[in-house]
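**Q** Structure file model.pdb (PDB, C-alpha atoms (C1' of nucleotides)) is given on the next line.
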```
ATOM      1  CA  MET Y   1       0.000   0.000   0.000
ATOM      2  CA  SER Y   2       2.877   2.376   0.755
ATOM      3  CA  VAL Y   3       4.091   4.477  -2.187
ATOM      4  CA  ARG Y   4       7.645   5.306  -3.164
ATOM      5  CA  LEU Y   5       8.418   9.031  -3.214
ATOM      6  CA  ASP Y   6      11.551  10.911  -4.059
ATOM      7  CA  GLU Y   7      12.725  14.178  -2.547
ATOM      8  CA  THR Y   8      10.834  16.295  -5.107
ATOM      9  CA  ASP Y   9       7.556  14.468  -4.469
ATOM     10  CA  ARG Y  10       7.963  15.111  -0.783
ATOM     11  CA  LYS Y  11       8.615  18.818  -1.333
ATOM     12  CA  ILE Y  12       5.558  19.097  -3.538
ATOM     13  CA  LEU Y  13       3.348  17.376  -0.958
ATOM     14  CA  SER Y  14       4.735  19.619   1.731
ATOM     15  CA  GLN Y  15       3.916  22.725  -0.307
ATOM     16  CA  LEU Y  16       0.408  21.530  -1.103
ATOM     17  CA  GLN Y  17      -0.244  20.817   2.553
ATOM     18  CA  GLN Y  18       0.945  24.298   3.483
ATOM     19  CA  ASP Y  19      -1.071  26.075   0.806
ATOM     20  CA  ALA Y  20      -3.016  24.283  -1.890
ATOM     21  CA  SER Y  21      -3.974  27.548  -3.601
ATOM     22  CA  GLN Y  22      -0.436  28.218  -4.824
ATOM     23  CA  SER Y  23       0.113  28.259  -8.575
ATOM     24  CA  LEU Y  24       2.043  25.502 -10.282
ATOM     25  CA  ASP Y  25       4.773  27.982 -11.169
ATOM     26  CA  GLU Y  26       5.177  28.973  -7.551
ATOM     27  CA  ILE Y  27       5.365  25.379  -6.335
ATOM     28  CA  ALA Y  28       7.779  24.519  -9.164
ATOM     29  CA  ARG Y  29      10.050  27.392  -8.170
ATOM     30  CA  LYS Y  30      10.046  26.363  -4.501
ATOM     31  CA  VAL Y  31      10.838  22.727  -5.195
ATOM     32  CA  GLY Y  32      13.458  23.582  -7.814
ATOM     33  CA  SER Y  33      11.672  22.252 -10.856
ATOM     34  CA  SER Y  34       9.283  23.542 -13.487
ATOM     35  CA  LYS Y  35       5.644  23.510 -14.346
ATOM     36  CA  THR Y  36       5.154  20.368 -16.443
ATOM     37  CA  PRO Y  37       7.073  17.867 -14.304
ATOM     38  CA  VAL Y  38       5.411  19.205 -11.148
ATOM     39  CA  TRP Y  39       2.034  18.904 -12.787
ATOM     40  CA  ASN Y  40       2.757  15.311 -13.874
ATOM     41  CA  ARG Y  41       3.870  14.378 -10.380
ATOM     42  CA  ILE Y  42       0.781  15.877  -8.769
ATOM     43  CA  ARG Y  43      -1.404  14.001 -11.241
ATOM     44  CA  LYS Y  44       0.363  10.750 -10.434
ATOM     45  CA  LEU Y  45       0.076  11.314  -6.682
ATOM     46  CA  ARG Y  46      -3.608  12.077  -7.069
ATOM     47  CA  ASP Y  47      -4.215   8.932  -9.101
ATOM     48  CA  ALA Y  48      -2.298   6.865  -6.557
ATOM     49  CA  GLY Y  49      -4.609   8.180  -3.823
ATOM     50  CA  VAL Y  50      -1.795   9.868  -1.926
ATOM     51  CA  ILE Y  51      -3.396  13.261  -2.456
ATOM     52  CA  GLY Y  52      -7.041  13.216  -1.447
ATOM     53  CA  ALA Y  53      -9.578  15.963  -1.000
ATOM     54  CA  GLN Y  54      -8.751  19.639  -1.367
ATOM     55  CA  THR Y  55     -10.448  21.631   1.366
ATOM     56  CA  VAL Y  56     -10.458  24.815   3.415
ATOM     57  CA  ILE Y  57      -9.908  24.949   7.154
ATOM     58  CA  LEU Y  58     -12.588  26.987   8.915
ATOM     59  CA  ASP Y  59     -12.091  28.709  12.249
ATOM     60  CA  PRO Y  60     -14.297  26.889  14.786
ATOM     61  CA  GLU Y  61     -14.401  29.832  17.212
ATOM     62  CA  ALA Y  62     -15.413  32.317  14.527
ATOM     63  CA  LEU Y  63     -18.358  30.066  13.727
ATOM     64  CA  GLY Y  64     -19.399  29.652  17.349
ATOM     65  CA  PHE Y  65     -18.068  26.135  17.873
ATOM     66  CA  GLU Y  66     -16.669  26.839  21.279
ATOM     67  CA  ALA Y  67     -16.625  23.399  22.828
ATOM     68  CA  CYS Y  68     -14.519  20.396  21.921
ATOM     69  CA  PHE Y  69     -14.698  17.059  23.716
ATOM     70  CA  PHE Y  70     -12.666  13.887  23.514
ATOM     71  CA  VAL Y  71     -14.960  11.025  24.387
ATOM     72  CA  LEU Y  72     -13.624   7.717  25.695
ATOM     73  CA  ILE Y  73     -16.018   4.823  25.271
ATOM     74  CA  ARG Y  74     -16.045   1.334  26.757
ATOM     75  CA  THR Y  75     -18.544  -1.204  25.561
ATOM     76  CA  ALA Y  76     -19.603  -4.640  26.731
ATOM     77  CA  GLU Y  77     -20.960  -5.699  23.350
ATOM     78  CA  HIS Y  78     -18.472  -6.657  20.699
ATOM     79  CA  ASP Y  79     -20.618  -8.446  18.136
ATOM     80  CA  ALA Y  80     -20.673  -7.405  14.494
ATOM     81  CA  GLU Y  81     -24.231  -6.130  14.514
ATOM     82  CA  TRP Y  82     -23.721  -3.795  17.438
ATOM     83  CA  GLN Y  83     -20.517  -2.489  15.860
ATOM     84  CA  LYS Y  84     -22.198  -1.747  12.552
ATOM     85  CA  LEU Y  85     -24.965   0.181  14.293
ATOM     86  CA  PHE Y  86     -22.453   2.139  16.355
ATOM     87  CA  LEU Y  87     -20.364   3.040  13.301
ATOM     88  CA  ASP Y  88     -23.448   4.220  11.443
ATOM     89  CA  VAL Y  89     -24.358   6.504  14.332
ATOM     90  CA  LEU Y  90     -20.866   8.015  14.390
ATOM     91  CA  LYS Y  91     -20.703   8.475  10.631
ATOM     92  CA  LYS Y  92     -24.010  10.258  10.332
ATOM     93  CA  ARG Y  93     -23.357  12.687  13.219
ATOM     94  CA  PRO Y  94     -21.604  15.782  11.854
ATOM     95  CA  GLU Y  95     -20.351  16.876  15.293
ATOM     96  CA  VAL Y  96     -18.106  13.777  15.352
ATOM     97  CA  GLN Y  97     -14.932  14.926  13.657
ATOM     98  CA  GLU Y  98     -12.882  11.849  14.486
ATOM     99  CA  ALA Y  99     -13.631   8.329  15.596
ATOM    100  CA  HIS Y 100     -11.108   5.585  16.226
ATOM    101  CA  ARG Y 101     -11.395   2.013  17.393
ATOM    102  CA  LEU Y 102      -8.698   1.388  19.975
ATOM    103  CA  ALA Y 103      -6.597  -1.437  21.345
ATOM    104  CA  GLY Y 104      -6.822  -1.943  25.102
ATOM    105  CA  GLU Y 105      -9.252  -1.113  27.879
ATOM    106  CA  ILE Y 106     -10.951   1.743  26.106
ATOM    107  CA  ASP Y 107     -12.724   0.646  22.954
ATOM    108  CA  TYR Y 108     -13.338   3.905  21.110
ATOM    109  CA  ILE Y 109     -12.262   7.518  21.164
ATOM    110  CA  LEU Y 110     -14.214  10.336  19.522
ATOM    111  CA  LYS Y 111     -13.440  13.969  18.912
ATOM    112  CA  VAL Y 112     -16.669  15.917  19.101
ATOM    113  CA  ARG Y 113     -16.928  19.586  18.148
ATOM    114  CA  VAL Y 114     -20.035  21.453  19.283
ATOM    115  CA  LYS Y 115     -21.259  24.987  19.947
ATOM    116  CA  ASN Y 116     -21.499  24.564  23.731
ATOM    117  CA  ALA Y 117     -21.873  22.071  26.566
ATOM    118  CA  ARG Y 118     -25.640  21.830  26.024
ATOM    119  CA  ALA Y 119     -25.049  20.763  22.441
ATOM    120  CA  TYR Y 120     -22.660  18.098  23.677
ATOM    121  CA  ASP Y 121     -25.278  16.791  26.035
ATOM    122  CA  ALA Y 122     -27.786  16.638  23.199
ATOM    123  CA  PHE Y 123     -25.274  14.598  21.192
ATOM    124  CA  TYR Y 124     -24.573  12.330  24.160
ATOM    125  CA  GLN Y 125     -28.246  11.681  24.845
ATOM    126  CA  ALA Y 126     -28.907  10.989  21.179
ATOM    127  CA  MET Y 127     -25.978   8.574  20.997
ATOM    128  CA  ILE Y 128     -26.838   6.514  24.087
ATOM    129  CA  SER Y 129     -30.460   6.340  22.994
ATOM    130  CA  GLU Y 130     -29.366   4.726  19.717
ATOM    131  CA  VAL Y 131     -26.684   2.325  20.924
ATOM    132  CA  LYS Y 132     -25.891   0.678  24.235
ATOM    133  CA  VAL Y 133     -22.481   1.640  25.623
ATOM    134  CA  HIS Y 134     -21.005   0.469  28.892
ATOM    135  CA  ASN Y 135     -19.039   3.514  29.993
ATOM    136  CA  VAL Y 136     -18.460   7.013  28.635
ATOM    137  CA  THR Y 137     -15.881   9.551  29.789
ATOM    138  CA  ALA Y 138     -15.827  13.028  28.254
ATOM    139  CA  LEU Y 139     -12.660  15.114  28.348
ATOM    140  CA  LEU Y 140     -13.325  18.808  27.799
ATOM    141  CA  SER Y 141     -10.771  20.813  25.861
ATOM    142  CA  MET Y 142      -9.908  24.141  27.435
ATOM    143  CA  GLU Y 143      -7.461  25.194  24.775
ATOM    144  CA  GLU Y 144      -6.476  23.962  21.356
ATOM    145  CA  ILE Y 145      -2.708  24.165  21.524
ATOM    146  CA  LYS Y 146      -2.041  22.699  18.119
ATOM    147  CA  SER Y 147      -4.161  21.480  15.259
ATOM    148  CA  THR Y 148      -2.834  20.431  11.883
ATOM    149  CA  THR Y 149      -3.797  18.021   9.127
ATOM    150  CA  ALA Y 150      -0.253  18.009   7.760
ATOM    151  CA  LEU Y 151       1.743  14.809   7.724
ATOM    152  CA  PRO Y 152       5.530  15.142   8.067
ATOM    153  CA  VAL Y 153       6.316  13.751   4.594
TER     154      VAL Y 153
ATOM    155  CA  MET S   1     -15.713  36.725  17.948
ATOM    156  CA  SER S   2     -18.627  34.840  16.386
ATOM    157  CA  VAL S   3     -19.649  35.975  12.899
ATOM    158  CA  ARG S   4     -23.133  36.377  11.477
ATOM    159  CA  LEU S   5     -23.814  34.227   8.419
ATOM    160  CA  ASP S   6     -26.866  33.868   6.238
ATOM    161  CA  GLU S   7     -28.026  30.721   4.476
ATOM    162  CA  THR S   8     -25.975  31.454   1.351
ATOM    163  CA  ASP S   9     -22.771  31.933   3.349
ATOM    164  CA  ARG S  10     -23.363  28.592   5.015
ATOM    165  CA  LYS S  11     -23.911  26.837   1.703
ATOM    166  CA  ILE S  12     -20.732  28.352   0.305
ATOM    167  CA  LEU S  13     -18.708  27.243   3.332
ATOM    168  CA  SER S  14     -20.197  23.788   3.085
ATOM    169  CA  GLN S  15     -19.211  23.528  -0.579
ATOM    170  CA  LEU S  16     -15.694  24.784   0.065
ATOM    171  CA  GLN S  17     -15.242  22.258   2.856
ATOM    172  CA  GLN S  18     -16.402  19.460   0.572
ATOM    173  CA  ASP S  19     -14.211  20.472  -2.347
ATOM    174  CA  ALA S  20     -12.171  23.634  -2.445
ATOM    175  CA  SER S  21     -11.050  23.020  -6.020
ATOM    176  CA  GLN S  22     -14.500  23.688  -7.473
ATOM    177  CA  SER S  23     -14.835  26.672  -9.789
ATOM    178  CA  LEU S  24     -16.737  29.750  -8.708
ATOM    179  CA  ASP S  25     -19.357  29.047 -11.358
ATOM    180  CA  GLU S  26     -19.965  25.586  -9.974
ATOM    181  CA  ILE S  27     -20.281  26.794  -6.389
ATOM    182  CA  ALA S  28     -22.534  29.648  -7.507
ATOM    183  CA  ARG S  29     -24.804  27.215  -9.321
ATOM    184  CA  LYS S  30     -25.030  24.914  -6.304
ATOM    185  CA  VAL S  31     -25.847  27.688  -3.848
ATOM    186  CA  GLY S  32     -28.273  29.364  -6.247
ATOM    187  CA  SER S  33     -26.336  32.545  -6.890
ATOM    188  CA  SER S  34     -23.790  33.782  -9.401
ATOM    189  CA  LYS S  35     -20.078  34.308  -9.725
ATOM    190  CA  THR S  36     -19.478  37.820  -8.444
ATOM    191  CA  PRO S  37     -21.610  37.730  -5.277
ATOM    192  CA  VAL S  38     -20.132  34.365  -4.338
ATOM    193  CA  TRP S  39     -16.659  35.728  -4.898
ATOM    194  CA  ASN S  40     -17.430  38.775  -2.733
ATOM    195  CA  ARG S  41     -18.757  36.594   0.064
ATOM    196  CA  ILE S  42     -15.731  34.305  -0.007
ATOM    197  CA  ARG S  43     -13.456  37.350   0.108
ATOM    198  CA  LYS S  44     -15.342  38.709   3.118
ATOM    199  CA  LEU S  45     -15.263  35.344   4.929
ATOM    200  CA  ARG S  46     -11.544  35.094   4.267
ATOM    201  CA  ASP S  47     -10.905  38.590   5.588
ATOM    202  CA  ALA S  48     -13.005  37.844   8.672
ATOM    203  CA  GLY S  49     -10.810  34.810   9.374
ATOM    204  CA  VAL S  50     -13.683  32.364   9.015
ATOM    205  CA  ILE S  51     -11.977  30.719   6.053
ATOM    206  CA  GLY S  52      -8.398  29.839   6.862
ATOM    207  CA  ALA S  53      -5.838  27.776   5.021
ATOM    208  CA  GLN S  54      -6.567  25.904   1.826
ATOM    209  CA  THR S  55      -4.952  22.501   1.948
ATOM    210  CA  VAL S  56      -4.963  18.941   0.628
ATOM    211  CA  ILE S  57      -5.665  15.873   2.728
ATOM    212  CA  LEU S  58      -3.030  13.191   2.267
ATOM    213  CA  ASP S  59      -3.648   9.489   2.854
ATOM    214  CA  PRO S  60      -1.599   8.494   5.927
ATOM    215  CA  GLU S  61      -1.538   4.779   5.026
ATOM    216  CA  ALA S  62      -0.351   5.441   1.473
ATOM    217  CA  LEU S  63       2.570   7.363   2.952
ATOM    218  CA  GLY S  64       3.435   4.699   5.479
ATOM    219  CA  PHE S  65       2.004   6.397   8.564
ATOM    220  CA  GLU S  66       0.467   3.264   9.944
ATOM    221  CA  ALA S  67       0.274   4.083  13.624
ATOM    222  CA  CYS S  68      -1.844   6.657  15.397
ATOM    223  CA  PHE S  69      -1.831   7.216  19.146
ATOM    224  CA  PHE S  70      -3.912   9.316  21.473
ATOM    225  CA  VAL S  71      -1.726  10.276  24.381
ATOM    226  CA  LEU S  72      -3.203  11.235  27.756
ATOM    227  CA  ILE S  73      -0.847  13.243  29.915
ATOM    228  CA  ARG S  74      -0.963  14.118  33.592
ATOM    229  CA  THR S  75       1.535  16.547  35.031
ATOM    230  CA  ALA S  76       2.476  17.614  38.530
ATOM    231  CA  GLU S  77       3.936  20.921  37.426
ATOM    232  CA  HIS S  78       1.550  23.675  36.489
ATOM    233  CA  ASP S  79       3.742  26.770  36.506
ATOM    234  CA  ALA S  80       3.996  29.071  33.509
ATOM    235  CA  GLU S  81       7.579  28.236  32.665
ATOM    236  CA  TRP S  82       6.995  24.502  32.514
ATOM    237  CA  GLN S  83       3.912  25.050  30.382
ATOM    238  CA  LYS S  84       5.740  27.233  27.891
ATOM    239  CA  LEU S  85       8.463  24.618  27.509
ATOM    240  CA  PHE S  86       5.914  21.850  27.059
ATOM    241  CA  LEU S  87       3.981  23.813  24.418
ATOM    242  CA  ASP S  88       7.185  24.537  22.507
ATOM    243  CA  VAL S  89       8.013  20.833  22.436
ATOM    244  CA  LEU S  90       4.542  19.960  21.094
ATOM    245  CA  LYS S  91       4.561  22.689  18.477
ATOM    246  CA  LYS S  92       7.912  21.794  17.025
ATOM    247  CA  ARG S  93       7.195  18.056  16.786
ATOM    248  CA  PRO S  94       5.575  17.319  13.408
ATOM    249  CA  GLU S  95       4.186  13.945  14.519
ATOM    250  CA  VAL S  96       1.878  15.798  16.933
ATOM    251  CA  GLN S  97      -1.203  16.555  14.855
ATOM    252  CA  GLU S  98      -3.355  17.763  17.727
ATOM    253  CA  ALA S  99      -2.719  18.967  21.244
ATOM    254  CA  HIS S 100      -5.347  20.151  23.698
ATOM    255  CA  ARG S 101      -5.172  21.355  27.278
ATOM    256  CA  LEU S 102      -7.998  19.717  29.193
ATOM    257  CA  ALA S 103     -10.221  20.342  32.174
ATOM    258  CA  GLY S 104     -10.189  17.636  34.845
ATOM    259  CA  GLU S 105      -7.856  14.851  35.931
ATOM    260  CA  ILE S 106      -6.017  14.516  32.668
ATOM    261  CA  ASP S 107      -4.136  17.665  31.744
ATOM    262  CA  TYR S 108      -3.368  17.186  28.046
ATOM    263  CA  ILE S 109      -4.358  15.003  25.146
ATOM    264  CA  LEU S 110      -2.273  14.584  21.997
ATOM    265  CA  LYS S 111      -2.938  12.931  18.699
ATOM    266  CA  VAL S 112       0.326  11.545  17.395
ATOM    267  CA  ARG S 113       0.690  10.102  13.898
ATOM    268  CA  VAL S 114       3.798   8.013  13.211
ATOM    269  CA  LYS S 115       5.079   5.335  10.847
ATOM    270  CA  ASN S 116       5.135   2.567  13.455
ATOM    271  CA  ALA S 117       5.342   1.780  17.159
ATOM    272  CA  ARG S 118       9.111   2.284  17.175
ATOM    273  CA  ALA S 119       8.651   5.801  15.877
ATOM    274  CA  TYR S 120       6.145   6.453  18.648
ATOM    275  CA  ASP S 121       8.638   5.286  21.227
ATOM    276  CA  ALA S 122      11.243   7.604  19.731
ATOM    277  CA  PHE S 123       8.798  10.481  20.061
ATOM    278  CA  TYR S 124       7.919   9.475  23.623
ATOM    279  CA  GLN S 125      11.544   9.240  24.706
ATOM    280  CA  ALA S 126      12.343  12.569  23.112
ATOM    281  CA  MET S 127       9.367  14.235  24.797
ATOM    282  CA  ILE S 128      10.059  12.960  28.331
ATOM    283  CA  SER S 129      13.708  13.858  27.977
ATOM    284  CA  GLU S 130      12.740  17.471  27.261
ATOM    285  CA  VAL S 131       9.932  17.998  29.799
ATOM    286  CA  LYS S 132       8.980  16.334  33.065
ATOM    287  CA  VAL S 133       5.525  14.717  32.962
ATOM    288  CA  HIS S 134       3.889  12.818  35.804
ATOM    289  CA  ASN S 135       1.925  10.169  33.909
ATOM    290  CA  VAL S 136       1.486   9.177  30.276
ATOM    291  CA  THR S 137      -1.073   6.788  28.816
ATOM    292  CA  ALA S 138      -0.994   5.956  25.125
ATOM    293  CA  LEU S 139      -4.113   4.714  23.364
ATOM    294  CA  LEU S 140      -3.334   2.921  20.105
ATOM    295  CA  SER S 141      -5.757   3.337  17.235
ATOM    296  CA  MET S 142      -6.615   0.096  15.469
ATOM    297  CA  GLU S 143      -8.934   1.654  12.917
ATOM    298  CA  GLU S 144      -9.782   5.149  11.820
ATOM    299  CA  ILE S 145     -13.562   4.980  11.600
ATOM    300  CA  LYS S 146     -14.083   8.613  10.707
ATOM    301  CA  SER S 147     -11.880  11.599  10.068
ATOM    302  CA  THR S 148     -13.069  14.957   8.844
ATOM    303  CA  THR S 149     -12.040  18.579   9.170
ATOM    304  CA  ALA S 150     -15.516  19.765   8.210
ATOM    305  CA  LEU S 151     -17.595  21.768  10.655
ATOM    306  CA  PRO S 152     -21.389  21.398  10.416
ATOM    307  CA  VAL S 153     -22.019  25.016   9.411
TER     308      VAL S 153
ATOM    309  C1'  DG E   1     -26.107  44.135  -4.157
ATOM    310  C1'  DC E   2     -26.452  41.692  -8.600
ATOM    311  C1'  DT E   3     -25.279  41.271 -13.677
ATOM    312  C1'  DG E   4     -22.370  41.030 -17.541
ATOM    313  C1'  DA E   5     -18.259  41.764 -19.810
ATOM    314  C1'  DA E   6     -13.528  42.161 -20.268
ATOM    315  C1'  DA E   7      -8.680  41.472 -18.935
ATOM    316  C1'  DC E   8      -5.598  38.791 -16.741
ATOM    317  C1'  DG E   9      -3.376  34.714 -15.147
ATOM    318  C1'  DG E  10      -2.968  29.907 -14.542
ATOM    319  C1'  DC E  11      -4.092  25.186 -16.046
ATOM    320  C1'  DT E  12      -3.704  21.627 -19.342
ATOM    321  C1'  DT E  13      -2.348  19.655 -23.508
ATOM    322  C1'  DG E  14       0.478  18.273 -27.212
ATOM    323  C1'  DG E  15       4.487  18.692 -29.896
ATOM    324  C1'  DT E  16       9.651  18.863 -29.689
ATOM    325  C1'  DT E  17      14.284  17.984 -27.995
TER     326       DT E  17
ATOM    327  C1'  DA K   1      11.555  13.155 -18.695
ATOM    328  C1'  DA K   2      11.707  18.206 -19.255
ATOM    329  C1'  DC K   3      10.816  22.465 -22.110
ATOM    330  C1'  DC K   4       7.925  25.378 -24.872
ATOM    331  C1'  DA K   5       3.923  27.334 -26.795
ATOM    332  C1'  DA K   6      -0.876  27.688 -27.575
ATOM    333  C1'  DG K   7      -5.741  27.337 -26.298
ATOM    334  C1'  DC K   8      -8.865  27.111 -22.847
ATOM    335  C1'  DC K   9     -10.890  27.886 -18.552
ATOM    336  C1'  DG K  10     -11.310  30.236 -14.223
ATOM    337  C1'  DT K  11     -10.452  34.204 -11.437
ATOM    338  C1'  DT K  12     -10.707  38.930 -10.599
ATOM    339  C1'  DT K  13     -11.996  43.519 -11.510
ATOM    340  C1'  DC K  14     -14.967  47.087 -12.945
ATOM    341  C1'  DA K  15     -18.784  49.629 -15.071
ATOM    342  C1'  DG K  16     -23.782  49.746 -15.333
ATOM    343  C1'  DC K  17     -28.171  48.728 -13.380
TER     344       DC K  17
END
```
Show how you would write the structure in this file as structure tokens.
**A**
Amino acid sequence: MSVRLDETDRKILSQLQQDASQSLDEIARKVGSSKTPVWNRIRKLRDAGVIGAQTVILDPEALGFEACFFVLIRTAEHDAEWQKLFLDVLKKRPEVQEAHRLAGEIDYILKVRVKNARAYDAFYQAMISEVKVHNVTALLSMEEIKSTTALPV
Amino acid sequence: MSVRLDETDRKILSQLQQDASQSLDEIARKVGSSKTPVWNRIRKLRDAGVIGAQTVILDPEALGFEACFFVLIRTAEHDAEWQKLFLDVLKKRPEVQEAHRLAGEIDYILKVRVKNARAYDAFYQAMISEVKVHNVTALLSMEEIKSTTALPV
DNA sequence: GCTGAAACGGCTTGGTT
DNA sequence: AACCAAGCCGTTTCAGC
């Protein structure tokens, strides 16, 4: 599954992660190449699935999303049917920004972004009414120290 | 800090989050407006800081980042100097994708993306050699069920 | 505040070395 | 595989409504 990249590929990916609105010429200049080869490489990386969606990062605070919770979930039920139901609930809820299945004592972790604590409670109530979970611990973020989607390519 | 948006603004933001490479004409068509007003709104939202960076999402697996940890940190030290040092360490480490200061028993949570468990250990050793932390628990992700940067505007 | 047009710049392609 | 040039498409600006 892992793809072979050379130094130029890595520089291109780094530039795109920093600012995907840059022109090809600008990227080419920064990576020490020129338009056509850079364009061909980007195309190849896109086709290989290395480069995915192009998006904009919105400021949560500016939009009134002032609460962020990390939710630790333990469950008793581990059968396939329960899991499918649980995953569907997570996927359809837009306030769930991340969901991971874990190794160890805690079964799942979620990152939930909401406008305020009341909105979190509404999410929580909705979730536990749809699926049975054994134990839920919510960690409230006081301050987002760092947040990046960039991978250190 | 929170900005007032109308329905059209919200639709534009939603489209940009889904695919920032769309042309103005396409976005305008989808939100039921036309080129110039959409462009003016985007400009305004950018200036207001609502729209931040434009970026591409890379596939971690395709690039060999096969391990993801959530790290729960407790600390004894809470003075300003220690905190500044700790924050500097987090900010300069590219494998730290997220870092939040928390309310409650656990003081910090990190999301750390690395190539493998060995790379996580290298990060862990480097971190504890630079700052004193009281207790560290690492939760290993087995499966990324959901991952989005989109806010439900 | 929207429309339409016009100028500008960047993307994309194909031919050439 | 990289360079060059041309056509096309999208962005950006501006005048008119």
**Q** Report the residues retrieved by the PyMOL selection byres ((chain K and resi 17) around 9) from the displayed file, expressed as JSON, numbers by chain.
**A** {"E": [2, 3], "K": [16]}
**Q** Write to file, as a compact mmCIF listing (two decimals), in the frame of the given file, the residues of the selection just made, with C-alpha atoms (C1' of nucleotides).
**A**
```txt
# COMPACT_ATOMS: atom_id res chain seq x y z
C1' DC E 2 -26.45 41.69 -8.60
C1' DT E 3 -25.28 41.27 -13.68
C1' DG K 16 -23.78 49.75 -15.33
```
**Q** Each residue of chain S lying at most 10 Å from chain K should get a row with its shortest atom-to-atom pair and the distance in Å to one decimal, counting all atoms listed in the file; could you produce that, ordered by chain and increasing number, as CSV?
**A**
```
residue,atom,partner,partner_atom,distance
S:Gln22,CA,K:DG10,C1',9.9
S:Ser23,CA,K:DG10,C1',6.7
S:Leu24,CA,K:DG10,C1',7.8
S:Asp25,CA,K:DG10,C1',8.6
S:Lys35,CA,K:DT11,C1',9.8
S:Thr36,CA,K:DT12,C1',9.1
S:Trp39,CA,K:DT12,C1',8.8
```
**Q** Go through the shown structure with the PyMOL selection byres ((chain Y) within 7 of (chain S)) and write out the matching residues as a PyMOL selection string.
**A** chain Y and resi 1-3+16-21+49-59+61-64+91+94-95+97-103+139-149+152
**Q** Please determine, counting all atoms listed in the file, which residue among Y:Arg43, Y:Glu7, Y:Lys84, Y:Val131 has the shortest atom-to-atom distance to chain E.
**A**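 Of all the options, Y:Arg43 lies closest to chain E.
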**Q** Using 3 Å of padding on each side, determine the axis-aligned box around all atoms of chain E present in the file and give its centre and edge lengths in Å to one decimal, as JSON.
**A**
```
{"center_x": -6.1, "center_y": 31.1, "center_z": -17.0, "size_x": 46.7, "size_y": 32.2, "size_z": 31.7}
```
**Q** Between atom CA of Ser34 of chain Y and atom C1' of DC8 of chain E, what is the distance, to one decimal in Å?
**A**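 Result for atom CA of Ser34 of chain Y versus atom C1' of DC8 of chain E: 21.6 Å, one decimal.
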**Q** Counting all atoms listed in the file, which residues from chain E have an atom at most 12 Å from any atom of chain Y, and could you show them as a list in words?
**A**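 Close enough to count are DG9, DG10, DC11, DT12, DT13 and DG14 of chain E.
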**Q** Restricting the output to C-alpha atoms (C1' of nucleotides), write the selected residues as an mmCIF file, in the frame of the given file.
**A**
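Final file, out30.cif:
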```
data_model
loop_
_atom_site.group_PDB
_atom_site.id
_atom_site.type_symbol
_atom_site.label_atom_id
_atom_site.label_comp_id
_atom_site.auth_asym_id
_atom_site.auth_seq_id
_atom_site.Cartn_x
_atom_site.Cartn_y
_atom_site.Cartn_z
ATOM 1 C "C1'" DG E 9 -3.376 34.714 -15.147
ATOM 2 C "C1'" DG E 10 -2.968 29.907 -14.542
ATOM 3 C "C1'" DC E 11 -4.092 25.186 -16.046
ATOM 4 C "C1'" DT E 12 -3.704 21.627 -19.342
ATOM 5 C "C1'" DT E 13 -2.348 19.655 -23.508
ATOM 6 C "C1'" DG E 14 0.478 18.273 -27.212
#
```
**Q** Would you mind reading off the distance between atom CA of Ile73 of chain S and atom CA of Val133 of chain S, one decimal, in Å?
**A** 7.2 Å
**Q** Hey, can you check how far atom CA of Ala119 of chain Y sits from atom CA of Ala67 of chain Y?
**A**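 Spanning atom CA of Ala119 of chain Y to atom CA of Ala67 of chain Y is a straight-line distance of 8.8 Å.
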**Q** Compute the distance from (-26.7, 43.7, -1.8) to each atom, counting only C-alpha atoms (C1' of nucleotides), keep the residues with any atom at most 12 Å away, and return them as a PyMOL selection string; use the coordinates of the file.
**A** (chain S and resi 36-38+40-41) or (chain E and resi 1-2)
**Q** Dump C-alpha atoms (C1' of nucleotides) for the selected residues as a PDB file, in the coordinates of the input?
**A**
```
ATOM      1  CA  THR S  36     -19.478  37.820  -8.444  1.00  0.00           C
ATOM      2  CA  PRO S  37     -21.610  37.730  -5.277  1.00  0.00           C
ATOM      3  CA  VAL S  38     -20.132  34.365  -4.338  1.00  0.00           C
ATOM      4  CA  ASN S  40     -17.430  38.775  -2.733  1.00  0.00           C
ATOM      5  CA  ARG S  41     -18.757  36.594   0.064  1.00  0.00           C
TER       6      ARG S  41
ATOM      7  C1'  DG E   1     -26.107  44.135  -4.157  1.00  0.00           C
ATOM      8  C1'  DC E   2     -26.452  41.692  -8.600  1.00  0.00           C
TER       9       DC E   2
END
```
